[in-house]
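**Q** See model.csv below, with CSV, C-alpha atoms and all ligand atoms.
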```csv
chain,number,residue,atom,x,y,z
A,1,MET,CA,0.0,0.0,0.0
A,2,GLU,CA,1.2,3.5,-0.8
A,3,ILE,CA,0.5,6.5,1.4
A,4,LEU,CA,1.5,10.1,0.6
A,5,VAL,CA,3.0,12.1,3.5
A,6,ALA,CA,2.4,15.8,3.3
A,7,THR,CA,5.6,17.3,4.7
A,8,ASN,CA,8.7,19.1,3.5
A,9,ASN,CA,10.4,18.5,6.8
A,10,LYS,CA,13.0,15.8,6.1
A,11,LYS,CA,13.6,15.0,9.7
A,12,LYS,CA,10.0,14.6,10.5
A,13,LEU,CA,9.5,12.5,7.4
A,14,ARG,CA,12.4,10.3,8.4
A,15,GLU,CA,10.8,9.7,11.8
A,16,ILE,CA,7.4,8.9,10.3
A,17,ASN,CA,9.0,6.5,7.9
A,18,ASP,CA,11.1,4.8,10.6
A,19,ILE,CA,8.1,4.5,13.0
A,20,LEU,CA,5.6,3.2,10.4
A,21,ALA,CA,8.2,0.8,8.8
A,22,GLY,CA,8.5,-0.9,12.1
A,23,LEU,CA,4.7,-1.2,12.5
A,24,VAL,CA,3.5,-1.9,9.0
A,25,PRO,CA,6.1,-3.9,6.9
A,26,ASP,CA,4.4,-3.6,3.4
A,27,LEU,CA,3.8,0.1,3.5
A,28,LYS,CA,5.4,2.5,1.0
A,29,LEU,CA,5.5,6.2,1.9
A,30,LEU,CA,5.7,8.8,-0.8
A,31,CYS,CA,6.8,12.3,-0.1
A,32,LEU,CA,6.0,15.6,-1.8
A,33,SER,CA,9.0,15.5,-4.1
A,34,ASP,CA,8.0,12.0,-5.2
A,35,ILE,CA,4.8,13.6,-6.7
A,36,GLY,CA,6.5,16.8,-7.9
A,37,PHE,CA,4.8,19.0,-5.4
A,38,HIS,CA,7.0,22.0,-4.5
A,39,ASP,CA,4.5,24.6,-3.4
A,40,ASP,CA,4.3,26.1,0.1
A,41,ILE,CA,1.1,25.1,2.0
A,42,ILE,CA,-0.2,28.0,4.1
A,43,GLU,CA,-0.9,26.6,7.6
A,44,ASP,CA,-3.1,29.4,9.0
A,45,ALA,CA,-5.5,27.4,11.3
A,46,ASP,CA,-5.3,28.0,15.1
A,47,THR,CA,-5.3,24.3,16.0
A,48,PHE,CA,-3.0,21.4,15.2
A,49,GLU,CA,-6.0,19.5,13.8
A,50,GLY,CA,-6.9,22.4,11.5
A,51,ASN,CA,-3.4,22.7,10.2
A,52,ALA,CA,-3.0,19.0,9.7
A,53,LEU,CA,-6.2,18.9,7.6
A,54,ILE,CA,-5.1,21.9,5.6
A,55,LYS,CA,-2.0,19.9,4.6
A,56,THR,CA,-3.9,16.8,3.6
A,57,ASN,CA,-6.6,18.8,1.8
A,58,ALA,CA,-4.0,20.7,-0.3
A,59,LEU,CA,-3.0,17.4,-1.9
A,60,SER,CA,-6.5,16.0,-2.5
A,61,SER,CA,-6.2,16.2,-6.3
A,62,TYR,CA,-3.4,13.7,-6.4
A,63,GLY,CA,-5.7,10.8,-5.5
A,64,TYR,CA,-3.6,9.2,-2.8
A,65,ILE,CA,-4.4,8.3,0.8
A,66,THR,CA,-2.6,11.2,2.4
A,67,ILE,CA,-1.4,11.8,5.9
A,68,ALA,CA,0.0,14.9,7.6
A,69,ASP,CA,1.6,15.6,10.9
A,70,ASP,CA,1.1,19.0,12.5
A,71,SER,CA,3.1,19.2,15.7
A,72,GLY,CA,4.6,21.5,18.2
A,73,LEU,CA,5.6,22.2,21.8
A,74,SER,CA,3.2,23.4,24.4
A,75,VAL,CA,4.7,24.9,27.6
A,76,ASP,CA,2.4,25.2,30.6
A,77,TYR,CA,4.1,28.4,32.0
A,78,LEU,CA,3.6,30.1,28.6
A,79,ASP,CA,-0.1,29.1,28.5
A,80,GLY,CA,0.5,26.5,25.7
A,81,ALA,CA,2.9,28.6,23.6
A,82,PRO,CA,4.6,28.1,21.2
A,83,GLY,CA,1.9,25.6,20.3
A,84,VAL,CA,0.7,25.8,16.6
A,85,TYR,CA,3.4,28.5,16.1
A,86,SER,CA,6.2,26.3,17.1
A,87,ALA,CA,7.9,26.2,13.7
A,88,ARG,CA,7.9,30.0,13.4
A,89,TYR,CA,8.0,31.0,17.0
A,90,ALA,CA,10.9,33.5,16.4
A,91,GLY,CA,9.6,34.6,13.0
A,92,GLU,CA,10.1,33.5,9.5
A,93,PRO,CA,12.1,32.0,7.9
A,94,CYS,CA,11.8,29.2,10.4
A,95,ASP,CA,15.0,28.7,12.5
A,96,ASP,CA,15.3,26.1,15.2
A,97,GLY,CA,18.2,27.8,16.9
A,98,LYS,CA,16.3,31.2,17.1
A,99,ASN,CA,13.2,29.4,18.3
A,100,ASN,CA,15.1,27.7,21.1
A,101,GLU,CA,16.7,31.0,22.1
A,102,LYS,CA,13.3,32.7,22.3
A,103,LEU,CA,11.9,29.9,24.4
A,104,LEU,CA,14.8,30.1,26.8
A,105,TYR,CA,14.4,33.9,27.0
A,106,ASN,CA,10.7,33.6,27.8
A,107,LEU,CA,11.4,31.0,30.5
A,108,LYS,CA,14.3,33.0,32.1
A,109,GLY,CA,14.3,32.6,35.9
A,110,VAL,CA,11.4,30.1,35.9
A,111,PRO,CA,12.2,27.2,38.2
A,112,TYR,CA,12.4,23.6,37.0
A,113,GLU,CA,9.1,22.6,38.6
A,114,LYS,CA,7.3,25.2,36.6
A,115,ARG,CA,9.0,24.4,33.2
A,116,GLY,CA,6.8,21.5,32.3
A,117,GLY,CA,5.1,21.0,28.9
A,118,LYS,CA,4.4,18.5,26.2
A,119,PHE,CA,5.1,17.8,22.6
A,120,VAL,CA,1.9,17.3,20.6
A,121,SER,CA,1.5,15.6,17.2
A,122,VAL,CA,-1.8,15.5,15.4
A,123,ILE,CA,-2.0,13.2,12.4
A,124,ALA,CA,-4.6,13.9,9.8
A,125,CYS,CA,-5.5,11.2,7.2
A,126,ARG,CA,-7.6,11.9,4.1
A,127,PHE,CA,-8.9,9.2,1.8
A,128,PRO,CA,-9.4,9.8,-2.0
A,129,ASN,CA,-13.2,9.9,-1.4
A,130,GLY,CA,-12.8,12.9,0.9
A,131,GLU,CA,-13.3,11.1,4.2
A,132,SER,CA,-10.8,12.4,6.8
A,133,PHE,CA,-10.0,11.8,10.4
A,134,THR,CA,-7.4,13.1,12.9
A,135,VAL,CA,-5.7,11.6,16.0
A,136,LYS,CA,-3.4,13.0,18.6
A,137,GLY,CA,-0.3,11.9,20.4
A,138,GLU,CA,1.4,13.7,23.4
A,139,CYS,CA,4.6,13.3,25.3
A,140,PRO,CA,5.3,15.1,28.6
A,141,GLY,CA,8.7,16.8,29.3
A,142,VAL,CA,10.5,19.7,31.0
A,143,ILE,CA,12.2,22.6,29.2
A,144,LEU,CA,15.8,22.8,30.4
A,145,GLU,CA,17.8,26.0,30.9
A,146,SER,CA,20.3,25.1,28.2
A,147,PRO,CA,20.5,22.7,25.2
A,148,ARG,CA,21.9,19.2,25.5
A,149,GLY,CA,22.5,16.7,22.7
A,150,ASP,CA,22.9,16.7,18.9
A,151,GLU,CA,20.2,14.3,17.6
A,152,GLY,CA,16.7,15.1,16.5
A,153,PHE,CA,15.5,18.6,15.4
A,154,GLY,CA,13.5,21.6,16.6
A,155,TYR,CA,13.2,21.9,20.4
A,156,ASP,CA,14.7,18.4,21.0
A,157,PRO,CA,17.9,19.8,22.8
A,158,LEU,CA,15.8,21.6,25.4
A,159,PHE,CA,13.1,18.9,25.9
A,160,TYR,CA,14.0,16.8,28.9
A,161,TYR,CA,12.2,13.4,29.0
A,162,GLU,CA,12.3,12.6,32.7
A,163,GLU,CA,11.7,8.9,32.4
A,164,TYR,CA,15.0,8.4,30.4
A,165,LYS,CA,16.8,11.3,32.2
A,166,LYS,CA,17.8,12.7,28.8
A,167,THR,CA,16.7,15.3,26.4
A,168,PHE,CA,15.2,14.2,23.1
A,169,ALA,CA,18.4,15.3,21.4
A,170,GLU,CA,20.4,12.9,23.7
A,171,LEU,CA,18.2,9.9,22.7
A,172,SER,CA,19.1,7.6,19.8
A,173,LYS,CA,16.6,7.8,16.9
A,174,ASP,CA,15.1,4.5,18.0
A,175,GLU,CA,14.7,5.6,21.6
A,176,LYS,CA,12.9,8.8,20.6
A,177,ASN,CA,10.7,6.9,18.1
A,178,THR,CA,9.6,4.6,20.9
A,179,VAL,CA,8.2,7.2,23.2
A,180,SER,CA,7.7,10.4,21.1
A,181,HIS,CA,4.4,12.2,20.6
A,182,ARG,CA,4.7,11.3,16.9
A,183,ARG,CA,5.0,7.6,17.8
A,184,ARG,CA,1.9,7.8,20.0
A,185,ALA,CA,0.0,9.7,17.3
A,186,LEU,CA,1.0,7.2,14.6
A,187,GLU,CA,-0.1,4.3,16.7
A,188,ALA,CA,-3.5,5.9,17.2
A,189,PHE,CA,-3.6,6.6,13.4
A,190,LEU,CA,-3.0,2.9,12.7
A,191,GLN,CA,-5.7,1.8,15.1
A,192,VAL,CA,-8.3,4.0,13.3
A,193,PHE,CA,-6.9,3.4,9.8
A,194,SER,CA,-7.1,-0.4,10.2
A,195,THR,CA,-10.9,-0.1,10.8
A,196,LYS,CA,-11.4,1.9,7.6
A,197,ILE,CA,-9.5,-0.1,4.9
B,201,LIG,P1,5.0,21.8,11.6
B,201,LIG,O1,5.9,21.2,10.6
B,201,LIG,O2,4.2,23.0,11.1
B,201,LIG,O3,4.1,20.7,12.2
B,201,LIG,O4,5.9,22.4,12.8
B,201,LIG,C1,6.4,21.6,13.7
B,201,LIG,C2,7.4,22.4,14.6
B,201,LIG,O5,7.2,22.0,16.0
B,201,LIG,C3,8.8,22.1,14.3
B,201,LIG,O6,9.4,23.0,13.4
B,201,LIG,C4,9.5,22.1,15.6
B,201,LIG,O7,9.8,23.4,15.9
B,201,LIG,C5,8.4,21.6,16.5
B,201,LIG,N1,8.4,20.1,16.7
B,201,LIG,C6,7.5,19.2,16.3
B,201,LIG,N2,7.9,18.0,16.6
B,201,LIG,C7,9.1,18.1,17.1
B,201,LIG,C8,10.0,17.1,17.6
B,201,LIG,O8,9.8,15.9,17.5
B,201,LIG,N3,11.1,17.6,18.2
B,201,LIG,C9,11.4,18.9,18.3
B,201,LIG,N4,10.6,19.8,17.8
B,201,LIG,C10,9.4,19.4,17.2
```
Could I get this structure in the form of structure tokens?
Ligand code: IMP
**A**
Amino acid sequence: MEILVATNNKKKLREINDILAGLVPDLKLLCLSDIGFHDDIIEDADTFEGNALIKTNALSSYGYITIADDSGLSVDYLDGAPGVYSARYAGEPCDDGKNNEKLLYNLKGVPYEKRGGKFVSVIACRFPNGESFTVKGECPGVILESPRGDEGFGYDPLFYYEEYKKTFAELSKDEKNTVSHRRRALEAFLQVFSTKI
């Protein structure tokens, strides 16, 4: 079976690929360059669900089962920010380093016990007949005062996963893919998907 993944983020695509390959052996994922799609998709909804559906709907004319991940970091002390604005928290063009700096600035002086938050991933799935559904996965963590580790992307160097006593950027790819918000969302996706095919 072929599924189109609506993302230009290579690291995110790699994670989706690695997670799904381990769960569904006969699945082939196509990415946007495989279908010659190079346009920007404007994600202007104010929820993860809305943005994930914007991405799958933008590709409806290609006729594939299409999935999209819209994800981000939600920090309790910041009332859920950066949230749906995670990718462009420090403005455009998107820059992970600047986003992390802004996050640290906004949490300056905030003690460890108040630096909790979660990564959120919403997966939208759209079938060629227009039927769609969304599922969500979340992973709790704490925002450190300085970055640690070189793996992953985005806010991973600041996101401390207490159970493993490491940031997401200090985990191996396999470790992150076992516990991440994306893993949890993709498992939920497969549960619903299997009832619909
Ligand atoms: P999206 O591509 O519009 O869904 O934006 C997702 C943004 O959220 C990314 O640019 C990162 O800043 C952040 N993000 C989402 N998932 C992760 C993750 O697994 N690790 C680190 N940052 C993430």
**Q** Given the choices A:Glu15, A:Glu49, A:Asp150, A:Glu43, which gets closest to Leu186 (chain A) if the distance is worked out from only C-alpha atoms?
**A** A:Glu15
**Q** Do a neighbour search on Asp156 (chain A) at 8 Å with only C-alpha atoms, toss out local chain neighbours closer than 2 positions, and write the hits as a ChimeraX atom specification.
**A** /A:151-154,158-159,167-169
**Q** Tell me which of A:Asn129, A:Ser60, A:Asn106, A:Ser86 sits closest to ligand LIG 201 (chain B), counting only C-alpha atoms and all ligand atoms.
**A**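 Nearest to ligand LIG 201 (chain B): A:Ser86.
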**Q** Show me which residues are within 7 Å of ligand LIG 201 (chain B) counting only C-alpha atoms and all ligand atoms, and format the list as a list in words.
**A**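 With only C-alpha atoms and all ligand atoms and a cut-off of 7 Å, ligand LIG 201 (chain B) is contacted by Asn9, Asp69, Asp70, Ser71, Gly72, Leu73, Ser86, Ala87, Asp96, Phe119, Ser121, Gly152, Phe153, Gly154, Tyr155, Asp156, Ser180 and Arg182 of chain A.
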**Q** Nearest to Val75 (chain A): which of A:Leu190, A:Val179, A:Ile143, A:Ala58 is it, counting all atoms listed in the file?
**A**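 Residue with the minimum atom-to-atom distance to Val75 (chain A): A:Ile143.
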**Q** Separation of CA of Pro25 (chain A) and CA of Tyr164 (chain A), in Å?
**A** 28.0 Å
**Q** Looking at A:Ile35, A:Ala124, A:Gly80, A:Asn17, which one is nearest to Leu103 (chain A), with distances taken over only C-alpha atoms?
**A** A:Gly80
**Q** Which is closer to Asn177 (chain A) than all the others in A:Pro111, A:Leu4, A:Ile65, A:Ile19, using only C-alpha atoms?
**A**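 Under the stated criterion, the closest residue is A:Ile19.
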